[in-house]
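Enquirer: This is entry_32.txt (compact mmCIF, C-alpha atoms).
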```txt
# COMPACT_ATOMS: atom_id res chain seq x y z
CA MET A 1 0.00 0.00 0.00
CA ARG A 2 1.81 3.08 -1.26
CA LYS A 3 1.34 6.53 0.29
CA CYS A 4 -0.30 4.95 3.36
CA LYS A 5 0.83 4.88 6.97
CA VAL A 6 -0.77 3.23 10.02
CA PHE A 7 0.03 4.55 13.50
CA VAL A 8 -0.80 2.42 16.54
CA GLY A 9 -1.54 3.94 19.95
CA ASN A 10 -0.83 2.51 23.38
CA SER A 11 -4.45 1.60 24.16
CA HIS A 12 -4.49 -1.66 22.14
CA PRO A 13 -1.11 -2.40 20.49
CA ASP A 14 -1.97 -6.07 19.89
CA LEU A 15 -4.96 -5.22 17.67
CA GLY A 16 -2.89 -2.62 15.80
CA LYS A 17 -0.16 -5.17 15.14
CA LEU A 18 -2.71 -7.71 13.85
CA VAL A 19 -4.22 -5.12 11.49
CA CYS A 20 -0.78 -4.16 10.14
CA ASP A 21 0.17 -7.82 9.66
CA ARG A 22 -3.04 -8.35 7.71
CA LEU A 23 -2.23 -5.35 5.51
CA GLY A 24 1.35 -6.51 5.01
CA ILE A 25 2.92 -3.33 6.39
CA GLU A 26 4.79 -2.29 9.53
CA PRO A 27 3.32 0.17 12.05
CA ALA A 28 4.63 3.67 11.35
CA PRO A 29 7.27 4.81 13.86
CA CYS A 30 6.21 7.28 16.52
CA THR A 31 7.16 8.00 20.12
CA LEU A 32 4.35 8.09 22.68
CA LYS A 33 5.39 8.90 26.23
CA LYS A 34 4.50 10.89 29.32
CA PHE A 35 6.36 13.64 31.07
CA ALA A 36 7.00 13.51 34.81
CA ASN A 37 4.01 15.80 35.44
CA GLY A 38 1.62 13.45 33.58
CA GLU A 39 1.42 15.32 30.27
CA THR A 40 1.35 13.27 27.07
CA SER A 41 4.08 13.71 24.47
CA VAL A 42 3.87 12.56 20.83
CA GLN A 43 6.68 12.58 18.26
CA ILE A 44 6.11 11.43 14.66
CA GLY A 45 9.16 9.50 13.42
CA VAL A 46 8.49 9.57 9.67
CA SER A 47 7.30 12.01 7.02
CA VAL A 48 3.54 11.99 6.44
CA ARG A 49 3.35 14.80 3.87
CA ASP A 50 0.58 14.10 1.33
CA GLU A 51 0.03 10.62 2.83
CA ASP A 52 -3.14 8.68 3.70
CA VAL A 53 -2.76 8.18 7.46
CA TYR A 54 -4.67 5.88 9.87
CA VAL A 55 -4.48 6.07 13.67
CA ILE A 56 -5.65 3.01 15.66
CA GLU A 57 -6.69 3.88 19.22
CA SER A 58 -9.41 2.09 21.18
CA GLY A 59 -11.03 2.40 24.59
CA SER A 60 -9.04 1.17 27.57
CA PRO A 61 -9.00 1.22 31.39
CA HIS A 62 -6.93 4.46 31.12
CA VAL A 63 -9.47 5.97 28.77
CA ASN A 64 -8.78 9.66 29.39
CA ASP A 65 -5.03 9.33 28.84
CA HIS A 66 -5.50 7.48 25.57
CA ILE A 67 -8.13 9.94 24.33
CA MET A 68 -5.60 12.75 24.81
CA GLU A 69 -2.98 10.59 23.10
CA LEU A 70 -5.29 10.15 20.10
CA LEU A 71 -6.12 13.87 19.89
CA ILE A 72 -2.45 14.94 20.13
CA LEU A 73 -1.41 12.32 17.58
CA VAL A 74 -4.09 13.46 15.10
CA SER A 75 -3.09 17.09 15.63
CA ALA A 76 0.58 16.26 15.05
CA LEU A 77 -0.27 14.47 11.81
CA LYS A 78 -2.36 17.44 10.70
CA GLY A 79 0.61 19.70 11.38
CA GLY A 80 2.79 17.30 9.37
CA SER A 81 0.68 17.99 6.23
CA ALA A 82 -0.98 14.59 6.02
CA LYS A 83 -3.42 14.41 3.09
CA LYS A 84 -6.14 12.50 4.96
CA ILE A 85 -6.31 11.41 8.61
CA THR A 86 -8.60 8.54 9.63
CA ALA A 87 -9.20 7.75 13.30
CA VAL A 88 -9.81 4.00 13.74
CA ILE A 89 -11.55 3.59 17.12
CA PRO A 90 -12.78 -0.02 17.50
CA GLN A 91 -14.48 0.68 20.86
CA PHE A 92 -15.62 4.31 20.97
CA PRO A 93 -15.05 5.75 24.48
CA TYR A 94 -17.89 7.47 26.36
CA SER A 95 -20.39 5.88 23.95
CA LYS A 96 -22.89 5.25 26.76
CA GLN A 97 -23.07 8.99 27.37
CA CYS A 98 -24.64 9.58 23.97
CA LYS A 99 -27.79 11.20 25.35
CA MET A 100 -28.83 13.38 28.23
CA LYS A 101 -30.12 10.93 30.85
CA LYS A 102 -30.87 13.60 33.42
CA GLN A 103 -31.41 17.31 33.38
CA ARG A 104 -28.19 19.32 33.44
CA GLY A 105 -26.30 16.28 32.14
CA ALA A 106 -23.65 16.30 29.42
CA ILE A 107 -23.73 14.48 26.09
CA THR A 108 -20.07 13.52 26.37
CA ALA A 109 -19.94 11.39 23.22
CA ARG A 110 -20.91 14.42 21.13
CA MET A 111 -18.21 16.50 22.83
CA LEU A 112 -15.60 13.82 22.05
CA ALA A 113 -16.74 13.78 18.41
CA ASN A 114 -16.28 17.55 18.23
CA LEU A 115 -12.80 17.27 19.75
CA LEU A 116 -11.77 14.68 17.15
CA ILE A 117 -12.92 16.83 14.24
CA MET A 118 -11.32 19.96 15.68
CA ALA A 119 -8.04 18.07 16.16
CA GLY A 120 -8.01 17.33 12.42
CA ALA A 121 -9.63 13.93 11.80
CA ASP A 122 -11.14 13.64 8.30
CA HIS A 123 -12.78 10.23 8.74
CA VAL A 124 -13.76 7.96 11.64
CA ILE A 125 -14.02 4.15 11.64
CA SER A 126 -15.58 2.35 14.61
CA MET A 127 -17.45 -0.85 15.39
CA ASP A 128 -20.91 -1.31 16.93
CA LEU A 129 -21.49 2.16 18.33
CA HIS A 130 -23.71 2.08 21.40
CA ALA A 131 -26.34 3.99 19.39
CA SER A 132 -26.13 4.24 15.60
CA GLN A 133 -27.44 7.81 15.85
CA MET A 134 -24.00 8.79 17.22
CA GLN A 135 -22.85 9.03 13.61
CA GLY A 136 -24.78 12.30 13.49
CA PHE A 137 -22.42 13.80 16.09
CA PHE A 138 -19.68 14.02 13.46
CA THR A 139 -19.43 16.52 10.61
CA LYS A 140 -17.09 14.12 8.77
CA PRO A 141 -17.82 10.65 7.28
CA VAL A 142 -18.22 7.77 9.77
CA ASP A 143 -18.02 4.04 9.02
CA ASN A 144 -19.76 2.05 11.76
CA LEU A 145 -18.70 -1.54 11.18
CA TYR A 146 -20.66 -4.47 12.59
CA GLY A 147 -19.38 -7.31 14.75
CA GLY A 148 -22.53 -9.32 14.06
CA PRO A 149 -21.15 -11.33 11.10
CA SER A 150 -18.13 -12.47 13.16
CA LEU A 151 -20.35 -13.44 16.10
CA ALA A 152 -22.78 -15.25 13.78
CA LYS A 153 -19.89 -17.18 12.20
CA TRP A 154 -18.69 -18.31 15.65
CA ILE A 155 -22.21 -19.36 16.67
CA ARG A 156 -22.67 -21.45 13.52
CA GLU A 157 -19.36 -23.23 14.03
CA ASN A 158 -19.38 -23.73 17.81
CA VAL A 159 -22.97 -23.87 19.08
CA GLU A 160 -24.51 -27.31 18.80
CA ASP A 161 -27.93 -27.29 17.15
CA TYR A 162 -27.84 -23.52 16.82
CA GLU A 163 -30.92 -23.63 14.55
CA ASN A 164 -33.03 -24.19 17.69
CA SER A 165 -31.32 -21.46 19.71
CA VAL A 166 -32.96 -18.17 20.70
CA VAL A 167 -31.26 -14.77 20.66
CA VAL A 168 -32.32 -12.86 23.78
CA SER A 169 -32.09 -9.12 24.40
CA LYS A 170 -31.50 -8.33 28.07
CA ASN A 171 -33.27 -4.96 27.72
CA PRO A 172 -35.77 -3.40 25.30
CA GLY A 173 -33.16 -0.99 23.92
CA GLY A 174 -31.15 -3.83 22.37
CA THR A 175 -34.03 -5.40 20.47
CA LYS A 176 -32.94 -4.05 17.07
CA ARG A 177 -29.45 -5.50 17.56
CA VAL A 178 -30.94 -8.87 18.55
CA THR A 179 -33.34 -9.08 15.62
CA ALA A 180 -30.48 -8.37 13.19
CA LEU A 181 -28.47 -11.34 14.52
CA ALA A 182 -31.58 -13.55 14.64
CA ASP A 183 -32.31 -12.73 10.98
CA THR A 184 -28.72 -13.56 10.03
CA LEU A 185 -28.91 -16.95 11.77
CA LYS A 186 -32.56 -17.47 10.78
CA ILE A 187 -33.60 -18.29 14.36
CA ASN A 188 -36.10 -16.92 16.88
CA PHE A 189 -35.53 -14.10 19.34
CA ALA A 190 -36.90 -13.04 22.72
CA MET A 191 -36.70 -10.00 25.00
CA ILE A 192 -36.15 -9.45 28.72
CA HIS A 193 -37.46 -6.42 30.58
CA THR A 194 -36.43 -5.51 34.12
CA ASP A 195 -38.62 -3.04 36.01
CA ARG A 196 -38.43 -2.04 39.65
CA ARG A 197 -41.76 -0.20 39.51
CA ARG A 198 -43.87 -3.27 38.70
CA SER A 199 -42.13 -5.28 41.41
CA LYS A 200 -43.58 -2.90 43.98
CA ASP A 201 -47.07 -3.29 42.56
CA LEU A 202 -46.97 -7.07 42.09
CA TYR A 203 -44.98 -8.22 45.11
CA ALA A 204 -44.56 -5.59 47.78
CA GLN A 205 -48.30 -4.92 47.92
CA ASN A 206 -49.22 -8.63 47.96
CA LYS A 207 -47.95 -10.11 51.21
CA ASN A 208 -50.37 -13.04 50.90
CA LEU A 209 -48.46 -15.65 48.88
CA LYS A 210 -51.62 -17.39 47.71
CA GLN A 211 -53.01 -14.14 46.38
CA LEU A 212 -49.64 -13.44 44.76
CA ARG A 213 -49.64 -16.75 42.85
CA LEU A 214 -53.22 -16.21 41.71
CA ARG A 215 -52.31 -12.80 40.37
CA LYS A 216 -49.30 -14.20 38.48
CA GLN A 217 -51.52 -16.91 36.95
CA SER A 218 -53.94 -14.22 35.90
CA MET A 219 -51.09 -12.36 34.17
CA LEU A 220 -50.10 -15.52 32.30
CA ARG A 221 -53.69 -16.24 31.24
CA LYS A 222 -53.87 -12.83 29.66
CA ASN A 223 -51.04 -13.87 27.32
CA ARG A 224 -52.71 -16.90 25.80
CA PRO A 225 -52.51 -17.16 22.00
CA ILE A 226 -54.58 -14.54 20.16
CA ILE A 227 -56.57 -16.35 17.46
CA LYS A 228 -58.14 -14.34 14.65
CA PRO A 229 -60.88 -16.13 12.66
CA GLY A 230 -60.65 -16.15 8.87
CA GLU A 231 -62.74 -13.91 6.66
CA ASP A 232 -64.78 -16.83 5.31
CA GLY A 233 -66.18 -19.68 7.32
CA ASN A 234 -63.89 -22.22 5.63
CA ASP A 235 -60.67 -20.21 6.14
CA GLU A 236 -58.15 -21.35 8.71
CA GLU A 237 -57.73 -19.39 11.91
CA ASN A 238 -54.66 -17.12 12.15
CA ILE A 239 -52.61 -17.36 15.33
CA ILE A 240 -51.13 -13.90 15.93
CA LEU A 241 -49.34 -14.44 19.26
CA THR A 242 -48.02 -17.73 20.56
CA ASN A 243 -45.30 -16.69 23.03
CA GLY A 244 -46.17 -16.04 26.64
CA ILE A 245 -44.32 -14.24 29.38
CA GLN A 246 -42.43 -15.52 32.40
CA THR A 247 -41.87 -13.28 35.39
CA ALA A 248 -39.63 -13.57 38.44
CA ARG A 249 -38.20 -11.48 41.26
CA ILE A 250 -34.65 -10.16 41.53
CA ILE A 251 -33.26 -9.44 45.00
CA LYS A 252 -29.61 -8.53 45.57
CA GLY A 253 -28.86 -9.14 41.91
CA HIS A 254 -30.18 -12.74 41.78
CA VAL A 255 -33.46 -14.38 40.84
CA VAL A 256 -35.41 -15.64 43.87
CA ASP A 257 -38.57 -17.65 44.47
CA ASP A 258 -41.94 -16.09 45.20
CA ASP A 259 -41.84 -17.50 48.73
CA GLU A 260 -38.81 -15.43 49.68
CA VAL A 261 -39.82 -12.26 51.49
CA GLU A 262 -37.66 -9.16 51.28
CA ASP A 263 -37.06 -7.16 54.43
CA ASP A 264 -39.27 -4.11 54.21
CA PRO A 265 -37.30 -1.01 55.29
CA PHE A 266 -40.50 0.93 55.79
CA GLU A 267 -42.22 -1.63 57.99
CA VAL A 268 -42.90 -0.18 61.47
CA SER A 269 -42.66 -2.55 64.41
CA GLY A 270 -45.13 -2.38 67.27
CA ASP A 271 -48.78 -3.23 67.90
CA ILE A 272 -51.22 -1.28 65.78
CA ALA A 273 -54.63 -0.55 67.27
CA VAL A 274 -57.65 1.00 65.63
CA SER A 275 -59.36 3.91 67.37
CA ASP A 276 -63.07 4.52 67.48
CA SER A 277 -62.80 6.96 64.59
CA GLY A 278 -61.22 4.23 62.45
CA SER A 279 -57.72 5.73 62.33
CA ASN A 280 -54.64 3.67 63.07
CA VAL A 281 -53.07 4.32 66.49
CA ASP A 282 -49.77 2.66 67.41
CA ALA A 283 -49.74 1.57 71.05
CA GLY A 284 -45.94 1.48 71.18
CA VAL A 285 -44.89 4.17 68.73
CA ASP A 286 -45.29 7.92 68.98
CA THR A 287 -48.05 9.07 66.66
CA GLU A 288 -46.11 12.24 65.89
CA MET A 289 -43.15 10.31 64.45
CA GLU A 290 -41.85 11.42 61.07
CA LEU A 291 -42.52 8.90 58.34
CA PRO A 292 -39.62 8.07 56.00
CA GLN A 293 -39.70 9.89 52.71
CA ILE A 294 -39.77 7.71 49.64
CA ASN A 295 -37.55 9.11 46.92
CA ASP A 296 -39.23 7.54 43.92
CA PRO A 297 -38.43 9.08 40.52
CA TYR A 298 -41.68 7.64 39.14
CA SER A 299 -43.95 9.26 41.70
CA ILE A 300 -46.28 12.11 40.84
CA GLY A 301 -44.44 15.42 40.70
CA ALA A 302 -41.01 13.81 40.30
CA ASP A 303 -38.64 14.66 37.50
CA ALA A 304 -39.53 12.46 34.54
CA TYR A 305 -36.00 12.64 33.22
CA ALA A 306 -34.60 11.27 36.46
CA ALA A 307 -35.85 7.83 35.46
CA LEU A 308 -33.03 5.86 33.93
CA ASP A 309 -33.41 3.97 30.71
CA SER A 310 -33.26 0.22 31.17
CA GLU A 311 -30.69 0.10 28.38
CA ASP A 312 -28.24 2.37 30.22
CA GLU A 313 -28.92 1.54 33.83
CA GLU A 314 -26.53 3.03 36.34
CA GLU A 315 -25.24 1.30 39.42
CA GLU A 316 -28.16 0.86 41.83
CA PRO A 317 -28.22 -0.40 45.40
CA ILE A 318 -27.66 -4.15 45.21
CA ASP A 319 -30.64 -4.83 47.49
CA THR A 320 -33.15 -3.09 45.20
CA GLU A 321 -35.96 -5.48 44.33
CA LYS A 322 -36.99 -5.69 40.67
CA LEU A 323 -39.33 -7.69 38.49
CA ILE A 324 -37.78 -9.45 35.49
CA THR A 325 -39.96 -10.53 32.57
CA LEU A 326 -39.07 -12.70 29.57
CA VAL A 327 -41.23 -12.29 26.48
CA GLY A 328 -40.59 -15.31 24.29
CA ASN A 329 -39.89 -19.03 24.55
CA VAL A 330 -36.47 -20.48 25.48
CA ASN A 331 -37.71 -23.75 26.97
CA GLY A 332 -35.39 -26.61 26.01
CA ARG A 333 -33.20 -24.33 23.88
CA THR A 334 -29.90 -22.47 24.04
CA ALA A 335 -30.36 -18.82 25.01
CA ILE A 336 -27.88 -16.36 23.46
CA LEU A 337 -27.80 -13.16 25.54
CA LEU A 338 -26.64 -10.46 23.12
CA ASP A 339 -25.50 -6.90 23.82
CA ASP A 340 -23.02 -4.44 22.35
CA MET A 341 -20.74 -4.49 25.43
CA VAL A 342 -20.17 -6.38 28.68
CA ASP A 343 -19.08 -3.95 31.37
CA ARG A 344 -21.17 -4.82 34.46
CA PRO A 345 -22.25 -8.34 35.46
CA SER A 346 -25.53 -7.92 37.37
CA SER A 347 -27.97 -7.65 34.44
CA PHE A 348 -26.36 -10.57 32.58
CA ILE A 349 -26.36 -12.82 35.66
CA SER A 350 -30.00 -12.11 36.55
CA ALA A 351 -31.09 -12.61 32.92
CA ALA A 352 -29.17 -15.91 32.69
CA GLU A 353 -30.63 -17.17 35.98
CA HIS A 354 -34.14 -16.30 34.85
CA CYS A 355 -33.66 -18.14 31.54
CA THR A 356 -32.30 -21.31 33.15
CA LYS A 357 -34.20 -21.52 36.46
CA ASN A 358 -37.63 -20.22 35.46
CA CYS A 359 -37.86 -20.49 31.68
CA GLY A 360 -36.24 -23.89 31.02
CA ALA A 361 -33.24 -22.91 28.88
CA ASN A 362 -30.67 -25.66 28.42
CA LYS A 363 -27.70 -23.28 28.58
CA VAL A 364 -26.94 -19.58 28.27
CA LEU A 365 -24.23 -17.87 26.21
CA VAL A 366 -23.28 -14.23 26.83
CA VAL A 367 -22.29 -12.71 23.49
CA ALA A 368 -21.13 -9.12 22.93
CA THR A 369 -18.85 -7.08 20.68
CA HIS A 370 -16.89 -5.19 23.35
CA GLY A 371 -15.60 -7.03 26.43
CA ILE A 372 -14.87 -4.18 28.85
CA PHE A 373 -15.28 -6.19 32.09
CA THR A 374 -15.17 -3.37 34.63
CA GLY A 375 -13.71 -4.35 38.01
CA ASP A 376 -14.48 -7.97 38.91
CA CYS A 377 -17.14 -8.31 36.19
CA LEU A 378 -15.44 -11.26 34.48
CA GLU A 379 -14.90 -13.11 37.77
CA GLN A 380 -18.59 -12.79 38.67
CA LEU A 381 -19.68 -13.99 35.23
CA GLU A 382 -17.26 -16.92 35.49
CA SER A 383 -18.61 -17.92 38.90
CA SER A 384 -22.24 -17.95 37.74
CA ASP A 385 -23.54 -21.49 37.19
CA SER A 386 -26.17 -20.21 34.75
CA ILE A 387 -23.63 -18.89 32.21
CA ASP A 388 -21.81 -21.44 30.02
CA LYS A 389 -19.75 -19.22 27.68
CA ILE A 390 -18.73 -15.57 27.41
CA VAL A 391 -17.99 -14.57 23.80
CA VAL A 392 -16.52 -11.16 22.91
CA THR A 393 -14.29 -9.67 20.20
CA ASN A 394 -10.84 -8.12 20.62
CA THR A 395 -11.93 -4.50 20.05
CA TYR A 396 -11.07 -3.83 23.72
CA ALA A 397 -7.70 -4.90 25.15
CA ILE A 398 -7.85 -8.03 27.35
CA SER A 399 -4.56 -9.29 28.73
CA PRO A 400 -3.40 -12.75 27.53
CA GLU A 401 -3.07 -13.88 31.15
CA ILE A 402 -6.78 -13.30 31.77
CA ILE A 403 -7.72 -15.11 28.55
CA ALA A 404 -5.52 -18.09 29.43
CA LYS A 405 -6.82 -18.30 33.00
CA SER A 406 -10.51 -18.02 32.06
CA LYS A 407 -12.45 -21.22 31.37
CA LYS A 408 -15.50 -19.58 29.81
CA LEU A 409 -14.10 -16.58 27.92
CA VAL A 410 -13.77 -16.76 24.13
CA VAL A 411 -12.21 -13.83 22.22
CA ILE A 412 -12.89 -13.48 18.47
CA ASP A 413 -10.38 -11.67 16.28
CA VAL A 414 -11.94 -8.84 14.22
CA SER A 415 -8.66 -7.40 12.90
CA PRO A 416 -9.40 -8.71 9.35
CA ILE A 417 -12.52 -6.52 9.24
CA PHE A 418 -10.60 -3.35 10.17
CA ALA A 419 -7.73 -4.26 7.82
CA GLU A 420 -10.08 -4.77 4.89
CA CYS A 421 -11.92 -1.52 5.73
CA ILE A 422 -8.61 0.39 5.75
CA ARG A 423 -7.55 -1.19 2.45
CA ARG A 424 -10.86 -0.39 0.75
CA ASN A 425 -10.85 3.17 2.08
CA HIS A 426 -7.31 3.73 0.82
CA TYR A 427 -8.13 2.52 -2.69
CA GLY A 428 -11.53 4.21 -2.82
CA GLU A 429 -13.56 0.99 -2.89
CA SER A 430 -16.97 0.41 -1.35
CA ILE A 431 -17.09 -1.11 2.15
CA SER A 432 -20.80 -1.97 2.12
CA VAL A 433 -19.96 -5.67 1.74
CA LEU A 434 -18.41 -5.60 5.23
CA PHE A 435 -21.79 -4.74 6.74
CA ASP A 436 -23.45 -7.94 5.58
CA SER A 437 -20.98 -10.84 5.60
CA LEU A 438 -17.35 -11.92 5.85
CA LYS A 439 -17.08 -13.20 2.27
CA ALA A 440 -14.86 -10.29 1.23
CA LEU A 441 -12.21 -11.04 3.86
```
Please re-express this file's structure in structure tokens.

Expert:
Amino acid sequence: MRKCKVFVGNSHPDLGKLVCDRLGIEPAPCTLKKFANGETSVQIGVSVRDEDVYVIESGSPHVNDHIMELLILVSALKGGSAKKITAVIPQFPYSKQCKMKKQRGAITARMLANLLIMAGADHVISMDLHASQMQGFFTKPVDNLYGGPSLAKWIRENVEDYENSVVVSKNPGGTKRVTALADTLKINFAMIHTDRRRSKDLYAQNKNLKQLRLRKQSMLRKNRPIIKPGEDGNDEENIILTNGIQTARIIKGHVVDDDEVEDDPFEVSGDIAVSDSGSNVDAGVDTEMELPQINDPYSIGADAYAALDSEDEEEEPIDTEKLITLVGNVNGRTAILLDDMVDRPSSFISAAEHCTKNCGANKVLVVATHGIFTGDCLEQLESSDSIDKIVVTNTYAISPEIIAKSKKLVVIDVSPIFAECIRRNHYGESISVLFDSLKAL
């Protein structure tokens, strides 16, 4: 590849080396270091005048340092009279902050996009952005590659009887991503919804266990198949809905039985007596006591924007009770829990436990494009008996020691996709074939 240089940052040198090996070139020389006061220093070691330049820098545990490294490197290349600068960011940092979740919040992903363009980037290549609408943050062309074909290829080759598997979305926001993979594999899909509001209505207000079971049965009866008669008397009936719902409780991050009672923090001890006027009078508690205030973002008069989207849930108290619901059928099948990234374990563990313990799934695979594994996320996923495999790509750096030590983790190499995208961009060829399949690789 003439008139082309590829620079590799410190965030993911292994992926950069694989991409360069696939292209048949060596990474361009540059010096990336830090001063004693923590400032980042970049020195380009080769002429880039009138060259097509690519900078590979991904998300990492030291995300802020590597973002500054990327911006300074792009600016240095711009000052070196590079003809075109393309930022290759396999895992786009701050992608979860792509919308204002609360009032007076910042849309940090848009700010990062503006910084990249102002630094001098002419083109951006990424993979599986958290929201495809993030492409609108940039005023320059963006190629959002898909990890779905690589994941589908692994499922076909490694999952036994994958034709009877079910792709499951662990939240409503990921349904579009799940349906795309299900269409590629030509299999069914299902959806999980977790809601802490309904758990209060269905469980906390029904202390009688018999009444609770009757109410759950009533909910299931309402989801019997909807049968629409044909237009003529001889026409066959059309079954519109055949999948029911399965509900369960989540306490302290795990699925529990209906018989388990959560400690009620608002329950007042003491003997309650009823006065002649019909009002409650506590014989052992001062009637002037101040009742605890319930800070519920869903209550009347609360800020509607304070409610968090189930797709981008923040860390909540581990003892918060929720209601988890599966819409679909995974009984006797392999459930494939799909998301764009794995960064926190609680939602994956509760979804896997619900699929295996309550819905009859044979086994559960956690599949995602970006394996971020914040803190002890991977250890918790490994220790869960309900999860059989954890499948991610190498867009985010995972140390070889962790991969070798893990018994469930599988890392798929996506460097051929980025290498082919760089080659096609350099020669002015279309990259639309990379969105659909891996035949061009």

Enquirer: Closest to A:Glu321 among A:Asp385, A:Asp65, A:Arg49, A:Asp195, using all atoms listed in the file?

Expert: A:Asp195

Enquirer: Go through A:Ile372, A:Ala113, A:Met68, A:Val410 and flag the residue nearest A:Asp343, using all atoms listed in the file for the distances.

Expert: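 Among A:Ile372, A:Ala113, A:Met68, A:Val410, it is A:Ile372 that comes nearest to A:Asp343.
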
Enquirer: Within 10 Å of A:Ser383, counting all atoms listed in the file, which residues qualify if same-chain residues fewer than 4 places away don't, as a ChimeraX atom specification?

Expert: /A:349,378-379,387,408

Enquirer: Could you write out the selected residues, including C-alpha atoms, as an mmCIF file, in the coordinates of the input?

Expert:
```cif
data_model
loop_
_atom_site.group_PDB
_atom_site.id
_atom_site.type_symbol
_atom_site.label_atom_id
_atom_site.label_comp_id
_atom_site.auth_asym_id
_atom_site.auth_seq_id
_atom_site.Cartn_x
_atom_site.Cartn_y
_atom_site.Cartn_z
ATOM 1 C CA ILE A 349 -26.360 -12.820 35.660
ATOM 2 C CA LEU A 378 -15.440 -11.260 34.480
ATOM 3 C CA GLU A 379 -14.900 -13.110 37.770
ATOM 4 C CA ILE A 387 -23.630 -18.890 32.210
ATOM 5 C CA LYS A 408 -15.500 -19.580 29.810
#
```

Enquirer: Within 7 Å of (1.4, 7.8, 26.0) (file coordinates; all atoms listed in the file), which protein or nucleic acid residues are there? I'd like them as a list in words.

Expert: Asn10, Leu32, Lys33, Lys34, Thr40, Ser41, His66 and Glu69 of chain A

Enquirer: Find the residues near A:Thr325: any atom within 6 Å, counting only C-alpha atoms, skip ones fewer than 2 places away on the same chain, and give them as a VMD selection string.

Expert: chain A and resid 192 to 193 246 to 247

Enquirer: For A:Pro149, please output as a list in words all residues within 8 Å (counting all atoms listed in the file; exclusion window: fewer than 2 positions along the same chain).

Expert: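 The residues that qualify are Tyr146, Gly147, Leu151, Ala152, Lys153, Thr184, Phe435, Asp436, Ser437 and Leu438 of chain A.
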
Enquirer: Under the rule that all atoms listed in the file are counted, which of A:Glu163, A:Asp143, A:Asp376, A:Asp183 is the nearest residue to A:Ile417?

Expert: A:Asp143

Enquirer: Could you tell me which of A:Lys78, A:Lys389, A:His12, A:Arg333 comes closest to A:Ala190 if we count all atoms listed in the file?

Expert: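 With all atoms listed in the file as the atom set, the closest residue is A:Arg333.
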
Enquirer: Please indicate the distance in Å from atom CA of A:Ile89 to atom CA of A:Met1, rounded to one decimal place.

Expert: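 A separation of 21.0 Å between them.
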
Enquirer: What does the distance from atom CA of A:Gly332 to atom CA of A:Thr356 come to in Å, to one decimal?

Expert: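 Separating atom CA of A:Gly332 from atom CA of A:Thr356 is a distance of 9.4 Å.
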
Enquirer: One number please: atom CA of A:Ala121 to atom CA of A:Val19, in Å, one decimal.

Expert: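 These atoms are spaced 19.8 Å apart.
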
Enquirer: Which residue, A:Thr395, A:Ser165, A:Gln43, A:Ser406, has the smallest gap to A:Phe418 when you use only C-alpha atoms?

Expert: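 Among the listed residues, the smallest separation from A:Phe418 belongs to A:Thr395.
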
Enquirer: Give me the residues within 8 Å of A:Thr369 as a ChimeraX atom specification, counting all atoms listed in the file and dropping any in the same chain fewer than 4 places off.

Expert: /A:128,147-148,151,339-341,392-393,395

Enquirer: With all atoms listed in the file as the basis for distance, which of A:Ser346, A:Ser150, A:Gln97, A:Asn188 is at the shortest distance from A:Gln380?

Expert: A:Ser346

Enquirer: For the point (-28.8, -3.0, 25.5) in file coordinates, what residues are within 6 Å, counting all atoms listed in the file? Give the answer as an MDAnalysis selection string?

Expert: chainID A and resid 171 173:174 311 339

Enquirer: Between stretch 319-362 of chain A and stretch 154-158 of chain A, at 12 Å or less, what are the per-residue closest atom pairs and their distances in Å? Count all atoms listed in the file, order by chain and rising residue number, and return it as CSV.

Expert:
```
residue,atom,partner,partner_atom,distance
A:Thr334,CA,A:Ile155,CA,11.1
A:Ala335,CA,A:Ile155,CA,11.7
A:Ile336,CA,A:Ile155,CA,9.3
A:Leu338,CA,A:Ile155,CA,11.9
```

Enquirer: Could you pull the residues within 9 Å of A:Leu15, counting all atoms listed in the file, minus those fewer than 3 positions along the same chain, as a ChimeraX atom specification?

Expert: /A:8,12,18-20,56,394-397,413-415
